[in-house]
Amino acid sequence: FFWKHLYAMTQSCVYSVLLPTYNERENLPYMIHLLFEAFQVAHVPPTDYEIVVIDDASPDGTAAVFAELQPLYPSSTLVLTSRTGKLGLGSAYTHGLQHARGQFIVILDCDLSHHPKFLPAMIAKQKEGDYDVVTGTRYVGQGGGVYGWNLKRKLVSKGANWLAQTLLRPGVSDLTGSFRLYKRKCFDSIMQRMVSTGYVFQMEIIVRASRMGFHIAEVPITFVDRLFGESKLGSLEIADYLVGLWILFWA
């Protein structure tokens, strides 16, 4: 079993899902199950994808839950890489990329605010136009939207998106969304230019993708508030977003 597992880990696959976690023990089992269902709907066999969990030393035992889940799924489809603490969202993706084997990189939040059921549509859209990036959008197209947020949070989100659209003009409707599919070579080249590591990472990477001339498509998705745990978005993250916006404007 050991050599079979080691051999599988050295082989490339088609899709690598990068899943940063911090205190997501309740959400992780649901997310992994829904991702397996989504790939099944998209007719992607287990040999062609992997889920890379990047855990920032979650004190709630997220890594222990992962260890319990791993034997329940096909060998090599679940990968855990742990860090020493909360080091930022962007750096989590950089770290996860070092352990990913896929030709395509999928990123989404583990808190179930992004439902993996939209992944088959994103995969189909990428194949349709050989796009470099396919990003989920809450703001255009039939079926997109936000649910479970109060009026204040909706205004903050739309205001942040409008401000970024006005200043940066990236040609993408949802700059702060974090459910995306990238070609690996595209993701690699953008990551080499990234500056931010926090929540502004999502805006920066899509803006840089647009400025570098990569072909981007959008798929409508719904965003719902997390089922378990607490939101990690606070005043520091908002300030970080505004600073990042200013840097990108002058870049």
# chains A, B, ... in the order shown; residues from 1 in each chain; ligands from 1

$ select_by_dssp --residues "segment 15-200 of chain A" --states "strand (DSSP E)" --output "PyMOL selection string"
chain A and resi 15-21+49-55+78-82+102-107+133-137+145-147+180-183

$ write_last_selection --atoms "C-alpha atoms" --output "PDB file, in the first residue's frame"
ATOM      1  CA  TYR A  15      -7.363  19.083 -11.208  1.00  0.00           C
ATOM      2  CA  SER A  16      -5.924  20.126  -7.844  1.00  0.00           C
ATOM      3  CA  VAL A  17      -8.341  21.754  -5.397  1.00  0.00           C
ATOM      4  CA  LEU A  18      -6.525  24.023  -2.937  1.00  0.00           C
ATOM      5  CA  LEU A  19      -8.529  24.245   0.283  1.00  0.00           C
ATOM      6  CA  PRO A  20      -7.106  26.506   3.026  1.00  0.00           C
ATOM      7  CA  THR A  21      -8.536  25.758   6.471  1.00  0.00           C
ATOM      8  CA  TYR A  49      -8.171  15.084  -9.244  1.00  0.00           C
ATOM      9  CA  GLU A  50      -6.918  15.707  -5.740  1.00  0.00           C
ATOM     10  CA  ILE A  51      -7.992  17.865  -2.798  1.00  0.00           C
ATOM     11  CA  VAL A  52      -5.079  19.591  -1.066  1.00  0.00           C
ATOM     12  CA  VAL A  53      -6.005  20.849   2.407  1.00  0.00           C
ATOM     13  CA  ILE A  54      -3.709  23.578   3.747  1.00  0.00           C
ATOM     14  CA  ASP A  55      -4.320  23.772   7.486  1.00  0.00           C
ATOM     15  CA  LEU A  78      -6.768  13.700  -0.232  1.00  0.00           C
ATOM     16  CA  VAL A  79      -3.582  15.525   0.715  1.00  0.00           C
ATOM     17  CA  LEU A  80      -2.911  17.430   3.946  1.00  0.00           C
ATOM     18  CA  THR A  81      -0.160  19.996   4.344  1.00  0.00           C
ATOM     19  CA  SER A  82       0.096  21.825   7.649  1.00  0.00           C
ATOM     20  CA  GLY A 102      -2.771  19.186 -11.164  1.00  0.00           C
ATOM     21  CA  GLN A 103      -2.697  20.799 -14.573  1.00  0.00           C
ATOM     22  CA  PHE A 104      -5.556  22.997 -13.346  1.00  0.00           C
ATOM     23  CA  ILE A 105      -5.899  24.692  -9.960  1.00  0.00           C
ATOM     24  CA  VAL A 106      -9.287  25.119  -8.271  1.00  0.00           C
ATOM     25  CA  ILE A 107      -9.608  27.472  -5.309  1.00  0.00           C
ATOM     26  CA  VAL A 133      -9.214  31.453 -15.814  1.00  0.00           C
ATOM     27  CA  VAL A 134     -12.850  30.705 -15.018  1.00  0.00           C
ATOM     28  CA  THR A 135     -14.194  32.696 -12.095  1.00  0.00           C
ATOM     29  CA  GLY A 136     -17.476  32.403 -10.275  1.00  0.00           C
ATOM     30  CA  THR A 137     -19.524  35.587 -10.160  1.00  0.00           C
ATOM     31  CA  GLY A 145     -26.451  35.941  -6.035  1.00  0.00           C
ATOM     32  CA  VAL A 146     -25.756  36.236  -2.306  1.00  0.00           C
ATOM     33  CA  TYR A 147     -27.831  34.650   0.462  1.00  0.00           C
ATOM     34  CA  ARG A 180     -12.061  30.018  -9.398  1.00  0.00           C
ATOM     35  CA  LEU A 181     -10.446  27.597 -11.828  1.00  0.00           C
ATOM     36  CA  TYR A 182      -6.993  28.380 -13.250  1.00  0.00           C
ATOM     37  CA  LYS A 183      -4.695  26.747 -15.739  1.00  0.00           C
TER      38      LYS A 183
END

$ closest_atom_pairs --of "segment 106-165 of chain A" --to "segment 173-178 of chain A" --cutoff "10 Å" --atoms "only C-alpha atoms" --output "JSON lines"
{"residue": "A:Val106", "atom": "CA", "partner": "A:Ser178", "partner_atom": "CA", "distance": 9.7}
{"residue": "A:Ile107", "atom": "CA", "partner": "A:Ser178", "partner_atom": "CA", "distance": 6.7}
{"residue": "A:Leu108", "atom": "CA", "partner": "A:Ser178", "partner_atom": "CA", "distance": 5.5}
{"residue": "A:Asp109", "atom": "CA", "partner": "A:Ser178", "partner_atom": "CA", "distance": 6.9}
{"residue": "A:Ser113", "atom": "CA", "partner": "A:Ser178", "partner_atom": "CA", "distance": 9.9}
{"residue": "A:His114", "atom": "CA", "partner": "A:Ser178", "partner_atom": "CA", "distance": 8.3}
{"residue": "A:Thr135", "atom": "CA", "partner": "A:Gly177", "partner_atom": "CA", "distance": 7.7}
{"residue": "A:Gly136", "atom": "CA", "partner": "A:Gly177", "partner_atom": "CA", "distance": 6.8}
{"residue": "A:Thr137", "atom": "CA", "partner": "A:Asp174", "partner_atom": "CA", "distance": 5.2}
{"residue": "A:Arg138", "atom": "CA", "partner": "A:Asp174", "partner_atom": "CA", "distance": 6.6}
{"residue": "A:Tyr139", "atom": "CA", "partner": "A:Ser173", "partner_atom": "CA", "distance": 6.5}
{"residue": "A:Val140", "atom": "CA", "partner": "A:Ser173", "partner_atom": "CA", "distance": 7.0}
{"residue": "A:Ser157", "atom": "CA", "partner": "A:Thr176", "partner_atom": "CA", "distance": 8.1}
{"residue": "A:Lys158", "atom": "CA", "partner": "A:Asp174", "partner_atom": "CA", "distance": 9.2}
{"residue": "A:Ala160", "atom": "CA", "partner": "A:Thr176", "partner_atom": "CA", "distance": 8.1}
{"residue": "A:Asn161", "atom": "CA", "partner": "A:Leu175", "partner_atom": "CA", "distance": 6.1}
{"residue": "A:Trp162", "atom": "CA", "partner": "A:Ser173", "partner_atom": "CA", "distance": 9.1}
{"residue": "A:Ala164", "atom": "CA", "partner": "A:Leu175", "partner_atom": "CA", "distance": 7.4}
{"residue": "A:Gln165", "atom": "CA", "partner": "A:Ser173", "partner_atom": "CA", "distance": 7.8}

$ closest_residue --among "A:Glu24, A:Asp60, A:Asp111, A:Glu204" --to "Asp225 of chain A" --atoms "only C-alpha atoms"
A:Asp111

$ atom_distance --atom1 "atom CA of Gln202 of chain A" --atom2 "atom CA of Gly244 of chain A"
10.5 Å

$ closest_residue --among "A:Val224, A:Leu69, A:Ala38, A:Ile206" --to "Lys154 of chain A" --atoms "only C-alpha atoms"
A:Val224

$ atom_distance --atom1 "atom CA of Pro116 of chain A" --atom2 "atom CA of Gly143 of chain A"
14.4 Å

$ select_by_dssp --residues "segment 29-153 of chain A" --states "alpha helix (DSSP H)" --output "ChimeraX atom specification"
/A:29-41,62-69,89-97,119-129,151-153

$ decode --residues "segment 102-244 of chain A" --atoms "C-alpha atoms" --output "PDB file, in the first residue's frame"
ATOM      1  CA  GLY A 102      -2.771  19.186 -11.164  1.00  0.00           C
ATOM      2  CA  GLN A 103      -2.697  20.799 -14.573  1.00  0.00           C
ATOM      3  CA  PHE A 104      -5.556  22.997 -13.346  1.00  0.00           C
ATOM      4  CA  ILE A 105      -5.899  24.692  -9.960  1.00  0.00           C
ATOM      5  CA  VAL A 106      -9.287  25.119  -8.271  1.00  0.00           C
ATOM      6  CA  ILE A 107      -9.608  27.472  -5.309  1.00  0.00           C
ATOM      7  CA  LEU A 108     -12.610  27.962  -3.038  1.00  0.00           C
ATOM      8  CA  ASP A 109     -13.411  28.539   0.625  1.00  0.00           C
ATOM      9  CA  CYS A 110     -13.943  25.590   2.950  1.00  0.00           C
ATOM     10  CA  ASP A 111     -16.771  27.246   4.891  1.00  0.00           C
ATOM     11  CA  LEU A 112     -19.418  26.049   2.386  1.00  0.00           C
ATOM     12  CA  SER A 113     -20.147  29.604   1.258  1.00  0.00           C
ATOM     13  CA  HIS A 114     -19.166  28.311  -2.186  1.00  0.00           C
ATOM     14  CA  HIS A 115     -21.101  25.213  -3.153  1.00  0.00           C
ATOM     15  CA  PRO A 116     -18.997  22.802  -5.248  1.00  0.00           C
ATOM     16  CA  LYS A 117     -22.087  22.064  -7.388  1.00  0.00           C
ATOM     17  CA  PHE A 118     -20.978  24.931  -9.649  1.00  0.00           C
ATOM     18  CA  LEU A 119     -17.638  23.261 -10.384  1.00  0.00           C
ATOM     19  CA  PRO A 120     -18.918  21.130 -13.321  1.00  0.00           C
ATOM     20  CA  ALA A 121     -20.144  24.299 -15.055  1.00  0.00           C
ATOM     21  CA  MET A 122     -16.758  25.926 -14.517  1.00  0.00           C
ATOM     22  CA  ILE A 123     -14.949  22.895 -15.923  1.00  0.00           C
ATOM     23  CA  ALA A 124     -17.266  22.856 -18.952  1.00  0.00           C
ATOM     24  CA  LYS A 125     -16.789  26.597 -19.513  1.00  0.00           C
ATOM     25  CA  GLN A 126     -13.015  26.233 -19.440  1.00  0.00           C
ATOM     26  CA  LYS A 127     -13.119  23.468 -22.024  1.00  0.00           C
ATOM     27  CA  GLU A 128     -15.570  25.420 -24.174  1.00  0.00           C
ATOM     28  CA  GLY A 129     -13.173  28.295 -24.820  1.00  0.00           C
ATOM     29  CA  ASP A 130      -9.829  26.948 -23.552  1.00  0.00           C
ATOM     30  CA  TYR A 131      -9.903  29.768 -20.985  1.00  0.00           C
ATOM     31  CA  ASP A 132      -6.950  30.483 -18.717  1.00  0.00           C
ATOM     32  CA  VAL A 133      -9.214  31.453 -15.814  1.00  0.00           C
ATOM     33  CA  VAL A 134     -12.850  30.705 -15.018  1.00  0.00           C
ATOM     34  CA  THR A 135     -14.194  32.696 -12.095  1.00  0.00           C
ATOM     35  CA  GLY A 136     -17.476  32.403 -10.275  1.00  0.00           C
ATOM     36  CA  THR A 137     -19.524  35.587 -10.160  1.00  0.00           C
ATOM     37  CA  ARG A 138     -22.295  36.626  -7.784  1.00  0.00           C
ATOM     38  CA  TYR A 139     -23.265  39.702  -9.737  1.00  0.00           C
ATOM     39  CA  VAL A 140     -24.107  38.765 -13.346  1.00  0.00           C
ATOM     40  CA  GLY A 141     -25.923  35.968 -15.148  1.00  0.00           C
ATOM     41  CA  GLN A 142     -28.928  33.871 -14.258  1.00  0.00           C
ATOM     42  CA  GLY A 143     -28.495  32.006 -10.993  1.00  0.00           C
ATOM     43  CA  GLY A 144     -25.891  34.249  -9.379  1.00  0.00           C
ATOM     44  CA  GLY A 145     -26.451  35.941  -6.035  1.00  0.00           C
ATOM     45  CA  VAL A 146     -25.756  36.236  -2.306  1.00  0.00           C
ATOM     46  CA  TYR A 147     -27.831  34.650   0.462  1.00  0.00           C
ATOM     47  CA  GLY A 148     -27.696  34.805   4.250  1.00  0.00           C
ATOM     48  CA  TRP A 149     -25.995  38.193   4.536  1.00  0.00           C
ATOM     49  CA  ASN A 150     -27.499  41.161   6.337  1.00  0.00           C
ATOM     50  CA  LEU A 151     -27.886  44.489   4.547  1.00  0.00           C
ATOM     51  CA  LYS A 152     -24.668  45.910   6.027  1.00  0.00           C
ATOM     52  CA  ARG A 153     -22.485  43.088   4.740  1.00  0.00           C
ATOM     53  CA  LYS A 154     -24.115  43.202   1.306  1.00  0.00           C
ATOM     54  CA  LEU A 155     -23.424  46.936   1.108  1.00  0.00           C
ATOM     55  CA  VAL A 156     -19.800  46.433   2.189  1.00  0.00           C
ATOM     56  CA  SER A 157     -19.276  43.712  -0.427  1.00  0.00           C
ATOM     57  CA  LYS A 158     -20.921  45.603  -3.271  1.00  0.00           C
ATOM     58  CA  GLY A 159     -19.164  48.815  -2.245  1.00  0.00           C
ATOM     59  CA  ALA A 160     -15.762  47.112  -2.227  1.00  0.00           C
ATOM     60  CA  ASN A 161     -16.457  45.550  -5.607  1.00  0.00           C
ATOM     61  CA  TRP A 162     -17.715  48.841  -7.105  1.00  0.00           C
ATOM     62  CA  LEU A 163     -14.686  50.742  -5.828  1.00  0.00           C
ATOM     63  CA  ALA A 164     -12.319  48.181  -7.318  1.00  0.00           C
ATOM     64  CA  GLN A 165     -14.222  48.144 -10.619  1.00  0.00           C
ATOM     65  CA  THR A 166     -14.054  51.936 -10.843  1.00  0.00           C
ATOM     66  CA  LEU A 167     -10.367  52.227 -10.050  1.00  0.00           C
ATOM     67  CA  LEU A 168      -8.941  49.101 -11.695  1.00  0.00           C
ATOM     68  CA  ARG A 169     -11.334  48.322 -14.603  1.00  0.00           C
ATOM     69  CA  PRO A 170     -10.361  44.647 -14.889  1.00  0.00           C
ATOM     70  CA  GLY A 171     -13.278  43.530 -17.058  1.00  0.00           C
ATOM     71  CA  VAL A 172     -14.462  41.036 -14.445  1.00  0.00           C
ATOM     72  CA  SER A 173     -17.728  41.490 -12.552  1.00  0.00           C
ATOM     73  CA  ASP A 174     -16.773  39.877  -9.222  1.00  0.00           C
ATOM     74  CA  LEU A 175     -13.299  40.873  -8.042  1.00  0.00           C
ATOM     75  CA  THR A 176     -13.607  39.670  -4.474  1.00  0.00           C
ATOM     76  CA  GLY A 177     -14.992  36.227  -5.264  1.00  0.00           C
ATOM     77  CA  SER A 178     -12.842  33.252  -4.327  1.00  0.00           C
ATOM     78  CA  PHE A 179     -14.247  30.333  -6.316  1.00  0.00           C
ATOM     79  CA  ARG A 180     -12.061  30.018  -9.398  1.00  0.00           C
ATOM     80  CA  LEU A 181     -10.446  27.597 -11.828  1.00  0.00           C
ATOM     81  CA  TYR A 182      -6.993  28.380 -13.250  1.00  0.00           C
ATOM     82  CA  LYS A 183      -4.695  26.747 -15.739  1.00  0.00           C
ATOM     83  CA  ARG A 184      -1.660  25.717 -13.697  1.00  0.00           C
ATOM     84  CA  LYS A 185       0.821  27.623 -15.867  1.00  0.00           C
ATOM     85  CA  CYS A 186      -1.339  30.732 -15.606  1.00  0.00           C
ATOM     86  CA  PHE A 187      -1.618  30.438 -11.820  1.00  0.00           C
ATOM     87  CA  ASP A 188       2.137  29.876 -11.493  1.00  0.00           C
ATOM     88  CA  SER A 189       3.054  32.926 -13.563  1.00  0.00           C
ATOM     89  CA  ILE A 190       0.640  35.214 -11.712  1.00  0.00           C
ATOM     90  CA  MET A 191       1.782  33.990  -8.297  1.00  0.00           C
ATOM     91  CA  GLN A 192       5.333  35.055  -9.116  1.00  0.00           C
ATOM     92  CA  ARG A 193       4.094  38.665  -9.255  1.00  0.00           C
ATOM     93  CA  MET A 194       1.785  38.630  -6.260  1.00  0.00           C
ATOM     94  CA  VAL A 195       2.360  41.030  -3.381  1.00  0.00           C
ATOM     95  CA  SER A 196      -0.566  40.507  -1.017  1.00  0.00           C
ATOM     96  CA  THR A 197      -1.060  37.503   1.238  1.00  0.00           C
ATOM     97  CA  GLY A 198      -4.368  38.320   2.950  1.00  0.00           C
ATOM     98  CA  TYR A 199      -7.939  38.601   1.712  1.00  0.00           C
ATOM     99  CA  VAL A 200      -6.980  41.185  -0.917  1.00  0.00           C
ATOM    100  CA  PHE A 201      -5.219  38.283  -2.647  1.00  0.00           C
ATOM    101  CA  GLN A 202      -8.388  37.364  -4.566  1.00  0.00           C
ATOM    102  CA  MET A 203      -8.716  40.828  -6.047  1.00  0.00           C
ATOM    103  CA  GLU A 204      -5.036  41.140  -6.876  1.00  0.00           C
ATOM    104  CA  ILE A 205      -4.746  37.800  -8.647  1.00  0.00           C
ATOM    105  CA  ILE A 206      -7.714  38.381 -10.962  1.00  0.00           C
ATOM    106  CA  VAL A 207      -6.574  41.945 -11.740  1.00  0.00           C
ATOM    107  CA  ARG A 208      -3.090  40.713 -12.581  1.00  0.00           C
ATOM    108  CA  ALA A 209      -4.556  37.905 -14.723  1.00  0.00           C
ATOM    109  CA  SER A 210      -6.470  40.510 -16.715  1.00  0.00           C
ATOM    110  CA  ARG A 211      -3.484  42.846 -17.079  1.00  0.00           C
ATOM    111  CA  MET A 212      -1.246  39.962 -18.176  1.00  0.00           C
ATOM    112  CA  GLY A 213      -3.642  39.208 -21.023  1.00  0.00           C
ATOM    113  CA  PHE A 214      -4.990  35.876 -19.813  1.00  0.00           C
ATOM    114  CA  HIS A 215      -8.399  34.860 -21.152  1.00  0.00           C
ATOM    115  CA  ILE A 216     -11.034  34.968 -18.408  1.00  0.00           C
ATOM    116  CA  ALA A 217     -14.590  33.621 -18.384  1.00  0.00           C
ATOM    117  CA  GLU A 218     -17.298  33.913 -15.742  1.00  0.00           C
ATOM    118  CA  VAL A 219     -19.884  31.450 -14.436  1.00  0.00           C
ATOM    119  CA  PRO A 220     -22.798  32.576 -12.220  1.00  0.00           C
ATOM    120  CA  ILE A 221     -22.665  31.146  -8.697  1.00  0.00           C
ATOM    121  CA  THR A 222     -24.539  31.671  -5.452  1.00  0.00           C
ATOM    122  CA  PHE A 223     -22.771  32.642  -2.259  1.00  0.00           C
ATOM    123  CA  VAL A 224     -24.276  31.700   1.102  1.00  0.00           C
ATOM    124  CA  ASP A 225     -23.140  32.584   4.602  1.00  0.00           C
ATOM    125  CA  ARG A 226     -21.113  29.907   6.381  1.00  0.00           C
ATOM    126  CA  LEU A 227     -23.024  27.130   8.157  1.00  0.00           C
ATOM    127  CA  PHE A 228     -20.538  26.505  10.985  1.00  0.00           C
ATOM    128  CA  GLY A 229     -17.900  28.619  12.689  1.00  0.00           C
ATOM    129  CA  GLU A 230     -17.299  32.341  12.534  1.00  0.00           C
ATOM    130  CA  SER A 231     -16.393  34.596   9.634  1.00  0.00           C
ATOM    131  CA  LYS A 232     -12.696  35.508   9.497  1.00  0.00           C
ATOM    132  CA  LEU A 233     -13.407  38.839   7.790  1.00  0.00           C
ATOM    133  CA  GLY A 234     -12.813  41.743  10.171  1.00  0.00           C
ATOM    134  CA  SER A 235     -11.680  45.349  10.256  1.00  0.00           C
ATOM    135  CA  LEU A 236      -8.035  44.401   9.676  1.00  0.00           C
ATOM    136  CA  GLU A 237      -8.968  42.487   6.506  1.00  0.00           C
ATOM    137  CA  ILE A 238     -11.014  45.452   5.252  1.00  0.00           C
ATOM    138  CA  ALA A 239      -8.073  47.799   5.862  1.00  0.00           C
ATOM    139  CA  ASP A 240      -5.791  45.337   4.076  1.00  0.00           C
ATOM    140  CA  TYR A 241      -8.205  45.344   1.128  1.00  0.00           C
ATOM    141  CA  LEU A 242      -8.131  49.148   0.850  1.00  0.00           C
ATOM    142  CA  VAL A 243      -4.335  49.238   1.011  1.00  0.00           C
ATOM    143  CA  GLY A 244      -4.120  46.534  -1.643  1.00  0.00           C
TER     144      GLY A 244
END
